[in-house]
>>> print(open('upload_19.pdb').read())   # PDB, C-alpha atoms
ATOM      1  CA  MET A  17      13.724  -1.955 -67.709
ATOM      2  CA  LEU A  18      10.504  -1.618 -65.748
ATOM      3  CA  ASN A  19       9.521  -5.201 -66.537
ATOM      4  CA  ARG A  20      12.901  -6.519 -65.345
ATOM      5  CA  ASN A  21      12.591  -4.681 -61.981
ATOM      6  CA  LEU A  22       8.953  -5.520 -61.435
ATOM      7  CA  PRO A  23       9.550  -8.837 -59.575
ATOM      8  CA  ARG A  24      12.019  -7.131 -57.215
ATOM      9  CA  ILE A  25       9.605  -4.260 -56.538
ATOM     10  CA  CYS A  26       6.740  -6.663 -55.890
ATOM     11  CA  GLY A  27       8.944  -8.638 -53.505
ATOM     12  CA  LEU A  28       9.846  -5.532 -51.528
ATOM     13  CA  ILE A  29       6.203  -4.482 -51.300
ATOM     14  CA  LEU A  30       5.207  -7.962 -50.136
ATOM     15  CA  GLY A  31       7.960  -8.001 -47.533
ATOM     16  CA  VAL A  32       6.956  -4.611 -46.142
ATOM     17  CA  SER A  33       3.308  -5.600 -46.035
ATOM     18  CA  MET A  34       4.132  -8.806 -44.170
ATOM     19  CA  MET A  35       6.218  -6.886 -41.634
ATOM     20  CA  THR A  36       3.378  -4.402 -41.118
ATOM     21  CA  ALA A  37       0.829  -7.143 -40.646
ATOM     22  CA  ALA A  38       2.992  -9.236 -38.317
ATOM     23  CA  PRO A  39       1.718  -9.212 -34.716
ATOM     24  CA  ALA A  40       3.814  -7.684 -31.964
ATOM     25  CA  ILE A  41       5.954 -10.134 -30.010
ATOM     26  CA  ALA A  42       3.948 -11.321 -27.008
ATOM     27  CA  ASP A  43       5.206 -10.404 -23.536
ATOM     28  CA  PRO A  44       3.459 -12.710 -21.029
ATOM     29  CA  LEU A  45       4.675 -10.731 -18.005
ATOM     30  CA  LYS A  46       3.394  -7.387 -19.272
ATOM     31  CA  ASP A  47       0.134  -8.987 -20.401
ATOM     32  CA  GLU A  48      -0.393 -10.276 -16.881
ATOM     33  CA  ILE A  49       0.921  -7.439 -14.710
ATOM     34  CA  ALA A  50      -0.098  -4.496 -16.921
ATOM     35  CA  PRO A  51      -3.011  -5.684 -19.109
ATOM     36  CA  THR A  52      -4.149  -2.116 -19.854
ATOM     37  CA  GLY A  53      -0.682  -1.029 -21.004
ATOM     38  CA  LYS A  54      -0.137   0.826 -17.722
ATOM     39  CA  LEU A  55       0.936  -0.404 -14.305
ATOM     40  CA  ARG A  56      -2.027   0.470 -12.079
ATOM     41  CA  VAL A  57      -0.766   0.860  -8.519
ATOM     42  CA  ALA A  58      -3.376   0.829  -5.742
ATOM     43  CA  ILE A  59      -2.546   3.276  -2.939
ATOM     44  CA  GLY A  60      -4.253   4.313   0.295
ATOM     45  CA  ILE A  61      -4.646   8.059   0.781
ATOM     46  CA  SER A  62      -4.495   9.921   4.098
ATOM     47  CA  PRO A  63      -2.729  12.980   5.525
ATOM     48  CA  ALA A  64      -0.448  10.683   7.532
ATOM     49  CA  GLY A  65       1.913   9.229   4.957
ATOM     50  CA  GLY A  66       4.193   6.352   5.888
ATOM     51  CA  ALA A  67       5.337   3.006   4.570
ATOM     52  CA  TYR A  68       1.788   2.142   3.462
ATOM     53  CA  TRP A  69      -0.197   5.398   3.371
ATOM     54  CA  SER A  70       0.317   7.940   0.587
ATOM     55  CA  THR A  71      -0.718  11.586   0.408
ATOM     56  CA  LYS A  72      -2.272  13.781  -2.271
ATOM     57  CA  ASN A  73      -0.878  17.265  -2.875
ATOM     58  CA  GLU A  74      -2.689  20.434  -3.916
ATOM     59  CA  ALA A  75      -1.638  19.946  -7.530
ATOM     60  CA  GLY A  76      -3.376  16.563  -7.610
ATOM     61  CA  GLY A  77      -0.200  14.478  -7.537
ATOM     62  CA  TYR A  78       0.679  11.739  -5.073
ATOM     63  CA  ALA A  79       3.578  11.130  -2.713
ATOM     64  CA  GLY A  80       4.513   8.182  -0.572
ATOM     65  CA  VAL A  81       6.675   5.081  -0.353
ATOM     66  CA  PRO A  82       4.191   3.053  -2.481
ATOM     67  CA  VAL A  83       4.114   5.901  -5.029
ATOM     68  CA  ASP A  84       7.887   5.822  -5.456
ATOM     69  CA  LEU A  85       8.035   2.031  -5.542
ATOM     70  CA  GLY A  86       5.230   1.828  -8.089
ATOM     71  CA  LYS A  87       6.919   4.371 -10.314
ATOM     72  CA  GLU A  88      10.199   2.441 -10.249
ATOM     73  CA  MET A  89       8.443  -0.851 -10.916
ATOM     74  CA  ALA A  90       6.666   0.619 -13.947
ATOM     75  CA  ALA A  91       9.981   1.982 -15.237
ATOM     76  CA  GLN A  92      11.537  -1.470 -15.019
ATOM     77  CA  LEU A  93       8.610  -2.909 -16.966
ATOM     78  CA  GLY A  94       8.816  -0.128 -19.549
ATOM     79  CA  VAL A  95       5.200   0.994 -19.090
ATOM     80  CA  PRO A  96       3.564   4.171 -17.701
ATOM     81  CA  VAL A  97       2.386   4.178 -14.083
ATOM     82  CA  GLU A  98      -1.166   5.014 -13.003
ATOM     83  CA  TYR A  99      -2.268   5.369  -9.368
ATOM     84  CA  VAL A 100      -5.643   4.007  -8.262
ATOM     85  CA  THR A 101      -6.620   5.619  -4.955
ATOM     86  CA  TYR A 102      -8.590   4.251  -2.015
ATOM     87  CA  SER A 103      -9.452   5.648   1.408
ATOM     88  CA  ASN A 104      -8.261   2.535   3.245
ATOM     89  CA  SER A 105      -6.504  -0.797   2.748
ATOM     90  CA  GLY A 106      -9.728  -2.747   3.208
ATOM     91  CA  LEU A 107     -11.133  -1.224   0.019
ATOM     92  CA  ILE A 108      -7.952  -2.148  -1.858
ATOM     93  CA  THR A 109      -8.416  -5.701  -0.630
ATOM     94  CA  ASP A 110     -12.068  -5.789  -1.713
ATOM     95  CA  ALA A 111     -11.070  -4.640  -5.213
ATOM     96  CA  ALA A 112      -8.379  -7.303  -5.665
ATOM     97  CA  SER A 113     -10.682  -9.608  -7.630
ATOM     98  CA  THR A 114     -12.251  -6.892  -9.788
ATOM     99  CA  GLY A 115      -9.292  -6.112 -12.069
ATOM    100  CA  ALA A 116      -9.224  -2.490 -10.896
ATOM    101  CA  TRP A 117      -5.510  -2.521 -10.017
ATOM    102  CA  ASP A 118      -2.365  -4.522 -10.852
ATOM    103  CA  VAL A 119      -0.043  -4.178  -7.852
ATOM    104  CA  THR A 120      -0.185  -2.674  -4.384
ATOM    105  CA  PHE A 121       1.829  -2.272  -1.186
ATOM    106  CA  LEU A 122      -0.212  -2.829   1.956
ATOM    107  CA  PRO A 123      -0.418  -4.506   5.376
ATOM    108  CA  LYS A 124      -0.585  -8.287   5.196
ATOM    109  CA  ASP A 125      -2.606 -10.712   7.299
ATOM    110  CA  ALA A 126      -4.088 -14.195   6.985
ATOM    111  CA  GLU A 127      -7.447 -12.945   5.707
ATOM    112  CA  ARG A 128      -5.835 -10.943   2.911
ATOM    113  CA  GLU A 129      -3.702 -13.887   1.863
ATOM    114  CA  THR A 130      -6.920 -15.530   0.662
ATOM    115  CA  LYS A 131      -7.433 -12.647  -1.773
ATOM    116  CA  MET A 132      -3.929 -11.614  -2.850
ATOM    117  CA  SER A 133      -0.460 -13.027  -3.431
ATOM    118  CA  PHE A 134       2.102 -11.282  -1.214
ATOM    119  CA  GLY A 135       5.797 -10.780  -1.781
ATOM    120  CA  PRO A 136       8.568  -9.900   0.695
ATOM    121  CA  ILE A 137       7.668  -7.869   3.768
ATOM    122  CA  TYR A 138       9.413  -4.479   3.714
ATOM    123  CA  GLU A 139       8.048  -2.859   6.872
ATOM    124  CA  VAL A 140       7.231  -4.026  10.396
ATOM    125  CA  ALA A 141       5.214  -1.519  12.416
ATOM    126  CA  ASP A 142       4.104  -1.577  16.058
ATOM    127  CA  ALA A 143       0.377  -1.012  16.503
ATOM    128  CA  THR A 144      -0.920   0.775  19.581
ATOM    129  CA  TYR A 145      -3.465   3.429  20.569
ATOM    130  CA  ILE A 146      -3.544   7.194  20.859
ATOM    131  CA  VAL A 147      -5.939   8.571  23.497
ATOM    132  CA  LYS A 148      -7.807  11.853  23.370
ATOM    133  CA  ALA A 149      -6.706  14.992  25.208
ATOM    134  CA  GLY A 150      -7.646  14.846  28.887
ATOM    135  CA  SER A 151      -8.158  11.093  28.890
ATOM    136  CA  ALA A 152      -7.531   9.222  32.136
ATOM    137  CA  VAL A 153      -6.440   6.149  30.177
ATOM    138  CA  ALA A 154      -2.804   5.362  30.964
ATOM    139  CA  ASN A 155      -2.315   1.853  29.562
ATOM    140  CA  PHE A 156      -4.054  -1.073  27.882
ATOM    141  CA  GLN A 157      -5.690  -2.215  31.118
ATOM    142  CA  THR A 158      -7.395   1.105  31.764
ATOM    143  CA  LEU A 159      -8.346   1.388  28.082
ATOM    144  CA  ASP A 160     -10.050  -1.994  27.915
ATOM    145  CA  GLN A 161     -13.106  -1.100  29.961
ATOM    146  CA  PRO A 162     -16.853  -1.245  29.202
ATOM    147  CA  GLY A 163     -18.203   1.972  27.729
ATOM    148  CA  ILE A 164     -14.904   3.066  26.154
ATOM    149  CA  LYS A 165     -15.076   3.701  22.409
ATOM    150  CA  VAL A 166     -12.013   2.958  20.292
ATOM    151  CA  ALA A 167     -11.836   3.916  16.621
ATOM    152  CA  ALA A 168     -10.030   2.104  13.814
ATOM    153  CA  VAL A 169      -9.949   2.336  10.030
ATOM    154  CA  ASN A 170     -12.571  -0.078   8.723
ATOM    155  CA  GLY A 171     -11.458  -3.365   7.192
ATOM    156  CA  THR A 172      -7.788  -3.017   8.143
ATOM    157  CA  THR A 173      -5.400  -5.450   9.790
ATOM    158  CA  THR A 174      -5.040  -2.995  12.676
ATOM    159  CA  MET A 175      -8.793  -2.968  13.266
ATOM    160  CA  ARG A 176      -8.923  -6.768  13.278
ATOM    161  CA  GLY A 177      -6.012  -6.761  15.722
ATOM    162  CA  ALA A 178      -7.730  -4.240  18.014
ATOM    163  CA  VAL A 179     -10.979  -6.239  18.004
ATOM    164  CA  ALA A 180      -9.045  -9.348  19.044
ATOM    165  CA  HIS A 181      -7.054  -7.431  21.664
ATOM    166  CA  LEU A 182      -9.790  -5.511  23.455
ATOM    167  CA  LYS A 183     -12.292  -7.681  25.318
ATOM    168  CA  ASN A 184     -14.436  -4.965  26.937
ATOM    169  CA  ALA A 185     -13.930  -1.660  25.091
ATOM    170  CA  LYS A 186     -15.922  -1.264  21.878
ATOM    171  CA  VAL A 187     -13.956  -0.990  18.615
ATOM    172  CA  THR A 188     -15.790   0.935  15.895
ATOM    173  CA  GLY A 189     -14.636   1.060  12.287
ATOM    174  CA  TYR A 190     -14.673   4.218  10.192
ATOM    175  CA  GLN A 191     -13.985   4.593   6.494
ATOM    176  CA  THR A 192     -11.160   7.126   6.539
ATOM    177  CA  TYR A 193      -8.261   8.372   8.626
ATOM    178  CA  ASP A 194      -9.580  11.936   8.237
ATOM    179  CA  GLU A 195     -12.907  11.045   9.830
ATOM    180  CA  ILE A 196     -11.244   9.497  12.872
ATOM    181  CA  PHE A 197      -8.824  12.406  13.164
ATOM    182  CA  GLY A 198     -11.820  14.744  13.539
ATOM    183  CA  LEU A 199     -13.538  12.498  16.082
ATOM    184  CA  LEU A 200     -10.402  12.237  18.213
ATOM    185  CA  LYS A 201      -9.737  15.956  18.020
ATOM    186  CA  ASN A 202     -13.302  16.685  19.166
ATOM    187  CA  GLY A 203     -13.119  14.107  21.952
ATOM    188  CA  GLU A 204     -15.863  11.934  20.454
ATOM    189  CA  VAL A 205     -13.782   8.746  20.702
ATOM    190  CA  GLU A 206     -11.512   7.757  23.557
ATOM    191  CA  ALA A 207      -8.771   6.238  21.426
ATOM    192  CA  PHE A 208      -7.619   5.402  17.898
ATOM    193  CA  ALA A 209      -5.765   2.216  16.915
ATOM    194  CA  LEU A 210      -3.000   2.611  14.316
ATOM    195  CA  SER A 211       0.746   2.174  13.868
ATOM    196  CA  ARG A 212       2.933   3.960  16.394
ATOM    197  CA  ASP A 213       4.788   6.087  13.833
ATOM    198  CA  GLN A 214       1.562   7.469  12.418
ATOM    199  CA  LEU A 215       0.089   8.062  15.868
ATOM    200  CA  ASN A 216       3.212   9.912  16.962
ATOM    201  CA  ALA A 217       2.735  12.215  13.969
ATOM    202  CA  MET A 218      -0.939  12.632  14.834
ATOM    203  CA  ALA A 219      -0.111  13.550  18.441
ATOM    204  CA  LYS A 220       1.863  16.541  17.163
ATOM    205  CA  LYS A 221      -1.241  17.793  15.356
ATOM    206  CA  ILE A 222      -3.716  17.320  18.236
ATOM    207  CA  PRO A 223      -2.344  18.878  21.443
ATOM    208  CA  GLY A 224      -2.964  16.897  24.604
ATOM    209  CA  THR A 225      -3.312  13.495  22.965
ATOM    210  CA  ARG A 226      -0.995  10.699  24.107
ATOM    211  CA  VAL A 227       0.326   7.569  22.429
ATOM    212  CA  LEU A 228       0.350   4.575  24.780
ATOM    213  CA  ASP A 229       3.685   2.865  25.397
ATOM    214  CA  GLU A 230       2.510  -0.716  24.912
ATOM    215  CA  THR A 231       2.185  -2.573  21.599
ATOM    216  CA  PHE A 232      -0.748  -4.898  20.871
ATOM    217  CA  LYS A 233       0.231  -6.080  17.394
ATOM    218  CA  GLN A 234       3.002  -5.920  14.836
ATOM    219  CA  THR A 235       1.683  -5.033  11.402
ATOM    220  CA  VAL A 236       3.721  -6.163   8.412
ATOM    221  CA  THR A 237       3.540  -4.424   5.026
ATOM    222  CA  ALA A 238       4.390  -6.095   1.732
ATOM    223  CA  VAL A 239       3.987  -5.893  -2.031
ATOM    224  CA  ALA A 240       0.935  -7.759  -3.365
ATOM    225  CA  VAL A 241      -0.784  -8.688  -6.624
ATOM    226  CA  PRO A 242      -4.197 -10.291  -7.263
ATOM    227  CA  LEU A 243      -4.448 -14.068  -6.969
ATOM    228  CA  ASN A 244      -3.632 -16.317  -9.917
ATOM    229  CA  HIS A 245      -1.050 -13.929 -11.380
ATOM    230  CA  PRO A 246       2.110 -16.072 -10.997
ATOM    231  CA  LEU A 247       4.327 -14.073 -13.357
ATOM    232  CA  ALA A 248       3.309 -10.797 -11.718
ATOM    233  CA  ALA A 249       3.863 -12.264  -8.249
ATOM    234  CA  ALA A 250       7.347 -13.494  -9.147
ATOM    235  CA  PHE A 251       8.304 -10.160 -10.706
ATOM    236  CA  ALA A 252       6.969  -8.168  -7.723
ATOM    237  CA  ALA A 253       8.822 -10.400  -5.265
ATOM    238  CA  LYS A 254      12.110  -9.992  -7.102
ATOM    239  CA  PHE A 255      11.536  -6.256  -7.444
ATOM    240  CA  MET A 256      11.144  -5.842  -3.680
ATOM    241  CA  THR A 257      14.113  -8.082  -2.904
ATOM    242  CA  ASP A 258      16.261  -5.984  -5.225
ATOM    243  CA  ALA A 259      14.785  -2.693  -3.955
ATOM    244  CA  THR A 260      15.757  -3.593  -0.406
ATOM    245  CA  SER A 261      19.335  -4.460  -1.335
ATOM    246  CA  ASN A 262      20.094  -1.783  -3.949
ATOM    247  CA  GLY A 263      18.868   1.253  -1.992
ATOM    248  CA  THR A 264      15.608   1.884  -3.873
ATOM    249  CA  LEU A 265      13.522   1.251  -0.759
ATOM    250  CA  ARG A 266      15.793   3.377   1.421
ATOM    251  CA  LYS A 267      15.510   6.216  -1.096
ATOM    252  CA  ALA A 268      11.707   5.929  -1.075
ATOM    253  CA  TYR A 269      11.709   6.208   2.725
ATOM    254  CA  ASP A 270      14.053   9.194   2.683
ATOM    255  CA  ASN A 271      11.997  10.977   0.009
ATOM    256  CA  ASN A 272       8.852  10.699   2.119
ATOM    257  CA  GLY A 273       9.874  11.982   5.531
ATOM    258  CA  LEU A 274      11.080   8.646   6.902
ATOM    259  CA  LYS A 275      14.828   9.300   7.041
ATOM    260  CA  ASP A 276      14.935   8.329  10.711
ATOM    261  CA  ASN A 277      12.961   5.120  10.160
ATOM    262  CA  PRO A 278      15.027   1.948   9.795
ATOM    263  CA  ILE A 279      14.059  -0.571   7.129
ATOM    264  CA  ARG A 280      12.431  -3.418   9.044
ATOM    265  CA  THR A 281      12.077  -6.548   6.927
ATOM    266  CA  VAL A 282      11.102 -10.141   7.616
ATOM    267  CA  THR A 283      13.168 -12.762   5.829
ATOM    268  CA  LYS A 284      11.274 -15.814   7.118
ATOM    269  CA  GLN A 285       7.482 -15.920   7.150
TER     270      GLN A 285
END
>>> encode(input="upload_19.pdb", output="structure tokens")
Amino acid sequence: MLNRNLPRICGLILGVSMMTAAPAIADPLKDEIAPTGKLRVAIGISPAGGAYWSTKNEAGGYAGVPVDLGKEMAAQLGVPVEYVTYSNSGLITDAASTGAWDVTFLPKDAERETKMSFGPIYEVADATYIVKAGSAVANFQTLDQPGIKVAAVNGTTTMRGAVAHLKNAKVTGYQTYDEIFGLLKNGEVEAFALSRDQLNAMAKKIPGTRVLDETFKQTVTAVAVPLNHPLAAAFAAKFMTDATSNGTLRKAYDNNGLKDNPIRTVTKQ
């Protein structure tokens, strides 16, 4: 009896062993967009929050529009999400070629397009200046004077815009939002260049400061992946297109204190 069943038993063992040894089915998209097995989402951290900035809570977790979008993107891919934090968008840009992150959501400009592939724009923000308490500056003309010091977050599209805009005032870059917040609060800089929504929130925290009415630049924010990742770029672009139409983006705004902010997209670039 044993001898008669031996060929069948050997066949079953061989079949099982072949199944065990067979390689997993390749997934080119996951290999490209999540090579570590996790979707590593680069986020900028500050107390401000917003469409680009995220915040860190006391428990060590993160909140923000990019946090929610990254989590949903990872869920669609079927991989865990991991957040890679930076103090400003310039540092995220610098790390694009290092393999430190897989996807991000940050302000777009021509310089960054040489380092990253961008998808659809999901936010358009007006950039302006907040001036310190007691400042005599009333508008752009009175701000753009010799001897006036304007702060901006180093390496950002807003800083590059402020440098191009101001011909006489001196624009100085600092590494973090927190550092500039302290300088403005102490009156050590005359003004700070940033998006209007964030400056309006800052004005509530520093009594006497004023946000100027004029706008010197419109900053656009979009999803991005490192260069030469065509599958990742196509997936990210479709994700954002769908997120805008199916309510995912609106939900991310609402969850992060932006219920009164309209979704401002750009369909033609």
>>> resolve_selection(input="upload_19.pdb", expression="the PyMOL selection byres ((chain A and resi 135) around 6)", output="NGL selection string")
:A and (134 or 136 or 239-240 or 253)
>>> residues_around(input="upload_19.pdb", residues="Ala249 (chain A)", least_positions_apart="2", cutoff="12 Å", atoms="all atoms listed in the file", output="list in words")
Leu45, Glu48, Ile49, Asp118, Val119, Thr120, Met132, Ser133, Phe134, Gly135, Pro136, Ala238, Val239, Ala240, Val241, Pro242, Leu243, Asn244, His245, Pro246, Leu247, Phe251, Ala252, Ala253, Lys254, Phe255 and Met256 of chain A
>>> atom_distance(input="upload_19.pdb", atom1="CA of Lys220 (chain A)", atom2="CA of Asn184 (chain A)")
28.7 Å
>>> residues_around(input="upload_19.pdb", residues="region 140-142 of chain A", least_positions_apart="2", cutoff="12 Å", atoms="only C-alpha atoms", output="PyMOL selection string")
chain A and resi 66-68+122-124+136-138+144-145+173-174+177+209-216+227-238+277-283
>>> closest_residue(input="upload_19.pdb", among="A:Ala167, A:Ala75, A:Val57, A:Ala126", to="Val100 (chain A)", atoms="all atoms listed in the file")
A:Val57
>>> closest_residue(input="upload_19.pdb", among="A:Ala248, A:Gly224, A:Val153, A:Pro162", to="Met89 (chain A)", atoms="only C-alpha atoms")
A:Ala248
>>> closest_residue(input="upload_19.pdb", among="A:His181, A:Thr225, A:Glu195, A:Gly94", to="Ala152 (chain A)", atoms="all atoms listed in the file")
A:Thr225
>>> axis_aligned_box(input="upload_19.pdb", around="region 210-222 of chain A", padding_each_side="6 Å", output="lines of an AutoDock Vina configuration file")
center_x = 0.5
center_y = 10.0
center_z = 15.4
size_x = 20.5
size_y = 27.6
size_z = 18.0
>>> resolve_selection(input="upload_19.pdb", expression="the PyMOL selection byres ((chain A and resi 264) around 12)", output="VMD selection string")
chain A and resid 81 to 82 84 to 89 138 255 to 263 265 to 271 279
>>> decode(input="upload_19.pdb", residues="region 149-160 of chain A", atoms="N, CA and C atoms", output="short mmCIF file (atom, residue, chain, number, x, y, z; two decimals), in the first residue's frame")
data_model
loop_
_atom_site.label_atom_id
_atom_site.label_comp_id
_atom_site.auth_asym_id
_atom_site.auth_seq_id
_atom_site.Cartn_x
_atom_site.Cartn_y
_atom_site.Cartn_z
N ALA A 149 4.58 94.25 15.47
CA ALA A 149 3.76 95.18 16.26
C ALA A 149 4.45 96.54 16.31
N GLY A 150 3.68 97.59 16.08
CA GLY A 150 4.23 98.95 16.14
C GLY A 150 4.91 99.41 14.87
N SER A 151 4.92 98.58 13.85
CA SER A 151 5.59 98.95 12.60
C SER A 151 4.83 100.06 11.89
N ALA A 152 5.60 100.96 11.25
CA ALA A 152 5.00 102.03 10.47
C ALA A 152 4.71 101.60 9.05
N VAL A 153 5.13 100.39 8.69
CA VAL A 153 4.91 99.88 7.34
C VAL A 153 3.42 99.67 7.10
N ALA A 154 2.91 100.24 6.00
CA ALA A 154 1.49 100.14 5.71
C ALA A 154 1.20 99.38 4.42
N ASN A 155 2.21 99.26 3.55
CA ASN A 155 2.01 98.61 2.25
C ASN A 155 3.36 98.18 1.69
N PHE A 156 3.34 97.61 0.49
CA PHE A 156 4.58 97.13 -0.11
C PHE A 156 5.58 98.25 -0.34
N GLN A 157 5.10 99.42 -0.73
CA GLN A 157 6.00 100.53 -1.02
C GLN A 157 6.78 100.96 0.22
N THR A 158 6.11 101.05 1.34
CA THR A 158 6.79 101.48 2.56
C THR A 158 7.61 100.33 3.17
N LEU A 159 7.31 99.10 2.78
CA LEU A 159 8.12 97.97 3.25
C LEU A 159 9.44 97.88 2.49
N ASP A 160 9.39 98.15 1.20
CA ASP A 160 10.57 97.97 0.35
C ASP A 160 11.49 99.17 0.42
#
